[in-house]
Amino acid sequence: MSRRALRRLRGEQRGQEPLGPGALQFDLRDDDDAEEEGLKRELGGRRPGEAGKEGVRVNNRFELINIEDLEDDPVVNGERSGSSLTDTAAPGNKGRAPCGNTDTKADGGVARTAPPEQSNASGKLRKKKKKQKAKKSSTGEAVENGLEDIDRILERIEDSSGLNRPGPAPLSSRKHILYVEHRHLNPDTELKRYFGARAVLGEQRPRQRQRVYPKCTWLTTPKSTWPRYSKPGLSMRLLESKKGLSLFAFEHSEEYQQAQHKFLVAVESMEPNNIVVLLQTSPYHVDSLLQLSDACRFQEDQEMARDLIERALYSMECAFHPLFSLTSGACRLDYRRPENRSFYLALYKQMSFLEKRGCPRTALEYCKLILSLEPDEDPLCMLLLIDHLALRARNYEYLIRLFQEWEAHRNLSQLPNFAFSVPLAYFLLSQQTDLPEHEQSSAREKASLWIQQALTMFPGVLLPLLEYCSVRPDATVSTHPFFGPNAEISQPPALSQLVSLYLGRSHFLWKEPTTMSWLEENVHRVLQAVDAGDPAVEACEHRRKLLYQRAPRNIQRHVVLSEIKEAVAALPPDVTTQSVMGFDPLPPADTIYSYVRPERLSPISRGNTIALFFRSLLPNYTAEGPGEASGSDAGARATWGSTVPSCRGPGLRVPAWTPPA
C-alpha cells in the first residue's frame, strides 16, 4: 500500500504530521557552506555526507517527506545508476568490492567510463547505503506489520458490508441497533442492485448538471422542477444534552407562523385550491405540502404526492441544527411539540412511498430513523412495522437481533407481529444454503419453538391467516375448539385490531409452500399439547383475557396512518367519530405549544340569530362556537386539531401490555 493511500486511511493530509521534539533542527553555516549546499541540492536534493548517526539536518522539515526515495540513486532515462548494478550481483560477491573501476550510465545511449576517484567514492557510498538499509530493516518490519493490520481491518469492513458472510458480526464490532446508514437512505442505491446504475441514473445525470442547489442532503435529492429554495423561517435548536442524548426542537419564525395561520384557514375551507395558492407564496411550507400530498394521493396522482413529500423533507433537512445527526441514534425530537410532528409524518409518508415503490431496504432505514427519534414513546408505533420491512428486505439477522435485545424491556413477544415474524425469520434463515449445517438446524429448532409459543398465545391468528393465503385447513384444525371460529371471536378488541393490522400487511409472506408445510407441522404439535393439558395453554388464555383491553394512543395513530381497512374498522368509536387531519392525526393530549393561533371573529359574535340557530343543531356545538373558545388553550386546539382525552402512555411499555408478576 502506498503512503498516499495510508495517509488517506488515517485521515491525514500531506504536510500535517505532528511535530515532535527535535523535528526541526537549525544550524548556522557560512556562505561557503550555503553555496556547497546549493550545489548538492541541484545534484540530487540530499547531502550524502550527512547520512551518519546524527541523521539528516534540514531547514524545512517537509524536505523529509520523500527522503527514502531520495536515498536511492537518481533515475536517469528510466534506469538506476551506480549501486543498482551491485544490488543484482551474485550472492557470493556480497561482501566484496565491485570488480573493476568502471561504472556505466545510460545517457542518450552513450556509455562513459568513470575516473578511478569517482568509482572509489561511489564504492564508499554503496557501503554506507548497505549499512543504512540494514538499519532500516528493523523499522521496515514494523511498517509492514502496520500495513498488514490495516489490510486486515479493510478485509473486516468489506466482509461486514458484503453478503458473503451470513453469520452475525462480532459483538465488539456491532453498531447500535438503531444506527442508520446514509447510503441506505437513498433509494437509488437499492434500485441499482436490481436494475443496474445505467438504468437508474440514465435520466438523472443531465438534470443534476442543471442543479443550482448548493446544499448536500441525505433524505432527498433536489429537483430542477422545484421552486428556488429560500429560507421559509423554519429552524432547529438544541434544547438540552444529557446522558449522551441530545434533545432538539423545530422552531417557527414570525413569518412562518403567519403562513401556518393561513394554512389552517385553508384547511377549514375544505378546498385544496386554497392550499395551492398558499404554496405559490410559501413553496416550502411543510404542513401545506403534507396536506396537498394527501389530496393528490386520493386523486391517484402518486408521482405528484411523492414529489411534495420529498420537497417537505428537503425543507426540514435544510433547517437541521449542525449537531443534529440522522445516523447516530442519539438525537431526540419530542412528538408533543407540534413543530416536530411534521418531520415524523413526512418521514412516515416517504417510507410508505418507498415500500410501494419496491425499496424495502430503504424503507427499513427510514423506519429505524423514525424509531430512533423517540424510541421510548414511539409515537407512530414503528414496532408494528419494522418486522415487516425487515422480512421484506430479507434482513433476518437484524430482526432477530432487535428481538433479542429489546424483548427483556419492551415485551415484544406480546405483539402478534413479532410473535409470528421472529419464528418466520428463523425459518427463512435456516433455508439459506450458504449457512453451515449446525447453524441451519439451530435456526430451524428456534423457529419451531417460537412459532409454537405464538400459536399458543394467539390462536385466533391461524384461520384468518390461512384464509388470506387461500389455504383450506384440514378438519382436525378447523373443527378443534382451540383454533376454531370461537378463538377469533373471543379476542379482546385491542388484540383483534393488532391481528387485523398484521394480517392485512404481512399475510403474503406466508404463502410459500415450504413455509406452509412447516406451519402445518407445528400446528399439529400445538394441538397435541392442548389435548394433553399443557399448563402453558391455560396461562396464555388468562393473559389474553387480562391484557389488550384498550390500545394506547400511538397504536391508534399508527392504524390511522396505515390505512388498512380491517384495522381501521376495529378502531373504537371515540376515534372514528372525530375529525382526523392528515397533517396531524390524533394529536397527544399533553401537547406542548410554543405559540397560539390568534382569535378570529365569527358570525356568532356578530349576533347572527339564524346562524346561531343552525349551529346549535350541530353535535359539537358550544357557546363560543366550534373551535372558538377563549384563552390560549382554545386557540391551541383550533391551531393543531382536536385533543380528545386518551390513554397516552410510554409506547408498548404501559402496564396494560405487561404480564402480571
# chains A, B, ... in the order shown; residues from 1 in each chain; ligands from 1
>>> residues_around(residues="Ser230 of chain A", least_positions_apart="2", cutoff="12 Å", atoms="only C-alpha atoms", output="number ranges by chain")
A: 213, 215, 226-228, 232-234, 281-285, 314-315, 318-319
>>> select_by_dssp(residues="segment 177-341 of chain A", states="strand (DSSP E)", output="VMD selection string")
chain A and resid 234 to 242 245 to 252 331 to 333
>>> residues_around(residues="His252 of chain A", least_positions_apart="5", cutoff="12 Å", atoms="only C-alpha atoms", output="ChimeraX atom specification")
/A:231-237,257-261,285-286,316,319,337-340,593-596
>>> write_last_selection(atoms="N, CA and C atoms", output="mmCIF file, in the first residue's frame")
data_model
loop_
_atom_site.group_PDB
_atom_site.id
_atom_site.type_symbol
_atom_site.label_atom_id
_atom_site.label_comp_id
_atom_site.auth_asym_id
_atom_site.auth_seq_id
_atom_site.Cartn_x
_atom_site.Cartn_y
_atom_site.Cartn_z
ATOM 1 N N LYS A 231 -35.117 30.403 2.532
ATOM 2 C CA LYS A 231 -35.436 30.005 3.901
ATOM 3 C C LYS A 231 -36.865 30.393 4.253
ATOM 4 N N PRO A 232 -37.697 29.405 4.585
ATOM 5 C CA PRO A 232 -39.107 29.731 4.887
ATOM 6 C C PRO A 232 -39.335 30.210 6.314
ATOM 7 N N GLY A 233 -38.305 30.253 7.134
ATOM 8 C CA GLY A 233 -38.477 30.627 8.540
ATOM 9 C C GLY A 233 -38.500 29.450 9.476
ATOM 10 N N LEU A 234 -38.095 28.282 8.977
ATOM 11 C CA LEU A 234 -38.061 27.068 9.789
ATOM 12 C C LEU A 234 -36.625 26.832 10.261
ATOM 13 N N SER A 235 -36.447 26.561 11.537
ATOM 14 C CA SER A 235 -35.118 26.350 12.114
ATOM 15 C C SER A 235 -35.207 25.278 13.192
ATOM 16 N N MET A 236 -34.051 24.890 13.706
ATOM 17 C CA MET A 236 -33.975 23.880 14.756
ATOM 18 C C MET A 236 -33.002 24.360 15.828
ATOM 19 N N ARG A 237 -33.349 24.107 17.080
ATOM 20 C CA ARG A 237 -32.458 24.486 18.180
ATOM 21 C C ARG A 237 -32.257 23.303 19.118
ATOM 22 N N GLN A 257 -45.052 31.504 11.115
ATOM 23 C CA GLN A 257 -46.290 31.419 11.878
ATOM 24 C C GLN A 257 -47.460 32.032 11.104
ATOM 25 N N GLN A 258 -47.213 33.115 10.393
ATOM 26 C CA GLN A 258 -48.275 33.713 9.580
ATOM 27 C C GLN A 258 -48.707 32.753 8.473
ATOM 28 N N ALA A 259 -47.732 32.081 7.855
ATOM 29 C CA ALA A 259 -48.080 31.087 6.841
ATOM 30 C C ALA A 259 -48.849 29.916 7.449
ATOM 31 N N GLN A 260 -48.506 29.558 8.681
ATOM 32 C CA GLN A 260 -49.212 28.468 9.356
ATOM 33 C C GLN A 260 -50.668 28.845 9.630
ATOM 34 N N HIS A 261 -50.907 30.088 10.031
ATOM 35 C CA HIS A 261 -52.281 30.529 10.273
ATOM 36 C C HIS A 261 -53.080 30.541 8.974
ATOM 37 N N HIS A 285 -43.574 25.491 2.695
ATOM 38 C CA HIS A 285 -44.321 25.354 3.946
ATOM 39 C C HIS A 285 -44.666 23.875 4.129
ATOM 40 N N VAL A 286 -44.206 23.270 5.198
ATOM 41 C CA VAL A 286 -44.208 21.818 5.336
ATOM 42 C C VAL A 286 -45.620 21.264 5.458
ATOM 43 N N MET A 316 -37.166 20.637 5.604
ATOM 44 C CA MET A 316 -36.844 20.402 7.010
ATOM 45 C C MET A 316 -35.379 20.024 7.184
ATOM 46 N N ALA A 319 -33.124 22.914 7.497
ATOM 47 C CA ALA A 319 -33.234 23.622 8.781
ATOM 48 C C ALA A 319 -32.570 22.874 9.923
ATOM 49 N N ARG A 337 -44.435 18.338 20.763
ATOM 50 C CA ARG A 337 -44.314 19.664 20.161
ATOM 51 C C ARG A 337 -44.871 19.616 18.735
ATOM 52 N N PRO A 338 -45.851 20.434 18.412
ATOM 53 C CA PRO A 338 -46.455 20.383 17.065
ATOM 54 C C PRO A 338 -45.456 20.647 15.953
ATOM 55 N N GLU A 339 -44.432 21.457 16.226
ATOM 56 C CA GLU A 339 -43.457 21.753 15.179
ATOM 57 C C GLU A 339 -42.659 20.518 14.777
ATOM 58 N N ASN A 340 -42.509 19.563 15.692
ATOM 59 C CA ASN A 340 -41.735 18.356 15.384
ATOM 60 C C ASN A 340 -42.553 17.299 14.655
ATOM 61 N N TYR A 593 -47.320 23.605 23.457
ATOM 62 C CA TYR A 593 -47.494 24.647 22.454
ATOM 63 C C TYR A 593 -46.474 25.754 22.688
ATOM 64 N N SER A 594 -45.872 26.205 21.608
ATOM 65 C CA SER A 594 -44.933 27.325 21.681
ATOM 66 C C SER A 594 -45.574 28.636 21.246
ATOM 67 N N TYR A 595 -46.645 28.573 20.501
ATOM 68 C CA TYR A 595 -47.400 29.780 20.134
ATOM 69 C C TYR A 595 -48.830 29.350 19.835
ATOM 70 N N VAL A 596 -49.755 30.308 19.889
ATOM 71 C CA VAL A 596 -51.172 30.013 19.709
ATOM 72 C C VAL A 596 -51.690 30.794 18.519
#
>>> closest_residue(among="A:Gln280, A:Ser288, A:Thr221, A:Ser441", to="Asp584 of chain A", atoms="only C-alpha atoms")
A:Ser288
>>> atom_distance(atom1="atom CA of Asn554 of chain A", atom2="atom CA of Cys381 of chain A")
5.7 Å
>>> closest_residue(among="A:Leu313, A:Ile275, A:Leu501, A:Cys331", to="Leu384 of chain A", atoms="only C-alpha atoms")
A:Leu501
>>> closest_atom_pairs(of="segment 459-501 of chain A", to="segment 507-516 of chain A", cutoff="12 Å", atoms="only C-alpha atoms", output="tab-separated table")
residue	atom	partner	partner_atom	distance
A:Val461	CA	A:His507	CA	10.5
A:Leu462	CA	A:His507	CA	10.8
A:Leu463	CA	A:His507	CA	11.7
A:Pro464	CA	A:His507	CA	9.3
A:Leu465	CA	A:His507	CA	6.3
A:Leu466	CA	A:His507	CA	8.7
A:Glu467	CA	A:His507	CA	9.5
A:Tyr468	CA	A:His507	CA	6.4
A:Cys469	CA	A:Lys511	CA	5.8
A:Ser470	CA	A:Lys511	CA	8.6
A:Val471	CA	A:Lys511	CA	8.8
A:Arg472	CA	A:Met516	CA	11.2
A:Pro473	CA	A:Met516	CA	10.7
A:Val499	CA	A:His507	CA	10.7
A:Ser500	CA	A:His507	CA	10.1
A:Leu501	CA	A:His507	CA	10.1
>>> write_last_selection(atoms="C-alpha atoms", output="mmCIF file, in the first residue's frame")
data_model
loop_
_atom_site.group_PDB
_atom_site.id
_atom_site.type_symbol
_atom_site.label_atom_id
_atom_site.label_comp_id
_atom_site.auth_asym_id
_atom_site.auth_seq_id
_atom_site.Cartn_x
_atom_site.Cartn_y
_atom_site.Cartn_z
ATOM 1 C CA VAL A 461 -54.403 -15.695 14.013
ATOM 2 C CA LEU A 462 -54.269 -19.115 12.318
ATOM 3 C CA LEU A 463 -57.605 -19.403 10.483
ATOM 4 C CA PRO A 464 -57.623 -15.775 9.182
ATOM 5 C CA LEU A 465 -54.022 -16.254 8.016
ATOM 6 C CA LEU A 466 -54.930 -19.418 6.111
ATOM 7 C CA GLU A 467 -57.903 -17.630 4.598
ATOM 8 C CA TYR A 468 -55.688 -14.753 3.409
ATOM 9 C CA CYS A 469 -53.323 -17.294 1.837
ATOM 10 C CA SER A 470 -56.201 -19.209 0.177
ATOM 11 C CA VAL A 471 -55.347 -22.385 2.086
ATOM 12 C CA ARG A 472 -58.077 -24.687 3.400
ATOM 13 C CA PRO A 473 -57.125 -26.328 6.729
ATOM 14 C CA VAL A 499 -54.155 -9.120 14.448
ATOM 15 C CA SER A 500 -56.022 -7.383 11.616
ATOM 16 C CA LEU A 501 -53.144 -4.956 11.191
#
>>> closest_residue(among="A:Met351, A:Ala197, A:Ala419, A:Ala569", to="Glu407 of chain A", atoms="only C-alpha atoms")
A:Ala419
>>> residues_around(residues="Thr456 of chain A", least_positions_apart="3", cutoff="9 Å", atoms="only C-alpha atoms", output="list in words")
Ile451, Gln452, Gln453, Pro459, Val526, Val530, Ala536, Val537, Cys540 and Glu541 of chain A
>>> closest_residue(among="A:Arg392, A:Tyr179, A:Thr217, A:Tyr256", to="Leu371 of chain A", atoms="only C-alpha atoms")
A:Tyr179
>>> atom_distance(atom1="atom CA of Glu190 of chain A", atom2="atom CA of Glu365 of chain A")
11.5 Å
>>> closest_residue(among="A:Leu455, A:Ala425, A:Met270, A:Leu326", to="Arg183 of chain A", atoms="only C-alpha atoms")
A:Leu326
>>> closest_residue(among="A:Ala494, A:Leu278, A:Ala363, A:Val422", to="Val568 of chain A", atoms="only C-alpha atoms")
A:Ala494
>>> residues_around(residues="Gly484 of chain A", least_positions_apart="4", cutoff="10 Å", atoms="only C-alpha atoms", output="ChimeraX atom specification")
/A:459-460,462-463,476-480,488-489
>>> write_last_selection(atoms="N, CA, C and O atoms", output="CSV table (one decimal), in the first residue's frame")
chain,number,residue,atom,x,y,z
A,459,PRO,N,-54.1,-17.9,19.2
A,459,PRO,CA,-54.7,-18.9,18.4
A,459,PRO,C,-55.7,-18.3,17.3
A,459,PRO,O,-55.9,-19.0,16.3
A,460,GLY,N,-56.2,-17.1,17.6
A,460,GLY,CA,-57.1,-16.5,16.6
A,460,GLY,C,-56.4,-16.0,15.3
A,460,GLY,O,-57.1,-15.5,14.5
A,462,LEU,N,-54.5,-18.0,13.3
A,462,LEU,CA,-54.3,-19.1,12.3
A,462,LEU,C,-55.3,-19.1,11.2
A,462,LEU,O,-55.0,-19.1,10.0
A,463,LEU,N,-56.6,-19.3,11.5
A,463,LEU,CA,-57.6,-19.4,10.5
A,463,LEU,C,-57.7,-18.2,9.6
A,463,LEU,O,-57.8,-18.3,8.3
A,476,THR,N,-59.3,-31.5,11.2
A,476,THR,CA,-58.8,-31.6,12.6
A,476,THR,C,-58.6,-30.2,13.2
A,476,THR,O,-58.8,-30.0,14.3
A,477,VAL,N,-58.1,-29.3,12.3
A,477,VAL,CA,-57.7,-28.0,12.8
A,477,VAL,C,-58.9,-27.1,12.8
A,477,VAL,O,-59.2,-26.4,13.8
A,478,SER,N,-59.7,-27.1,11.7
A,478,SER,CA,-60.9,-26.2,11.6
A,478,SER,C,-62.0,-26.5,12.6
A,478,SER,O,-62.7,-25.6,13.0
A,479,THR,N,-62.1,-27.7,13.0
A,479,THR,CA,-63.2,-28.1,14.0
A,479,THR,C,-62.7,-28.1,15.4
A,479,THR,O,-63.5,-28.3,16.3
A,480,HIS,N,-61.4,-28.0,15.7
A,480,HIS,CA,-60.9,-28.0,17.0
A,480,HIS,C,-61.3,-26.7,17.8
A,480,HIS,O,-61.2,-25.6,17.2
A,488,GLU,N,-61.2,-16.6,17.4
A,488,GLU,CA,-61.2,-15.3,16.8
A,488,GLU,C,-62.2,-14.4,17.4
A,488,GLU,O,-62.0,-13.2,17.6
A,489,ILE,N,-63.4,-14.9,17.7
A,489,ILE,CA,-64.5,-14.1,18.2
A,489,ILE,C,-64.2,-13.7,19.7
A,489,ILE,O,-64.5,-12.6,20.1
>>> residues_around(residues="Pro572 of chain A", least_positions_apart="2", cutoff="9 Å", atoms="only C-alpha atoms", output="PyMOL selection string")
chain A and resi 493+550+556+569-570+574-577
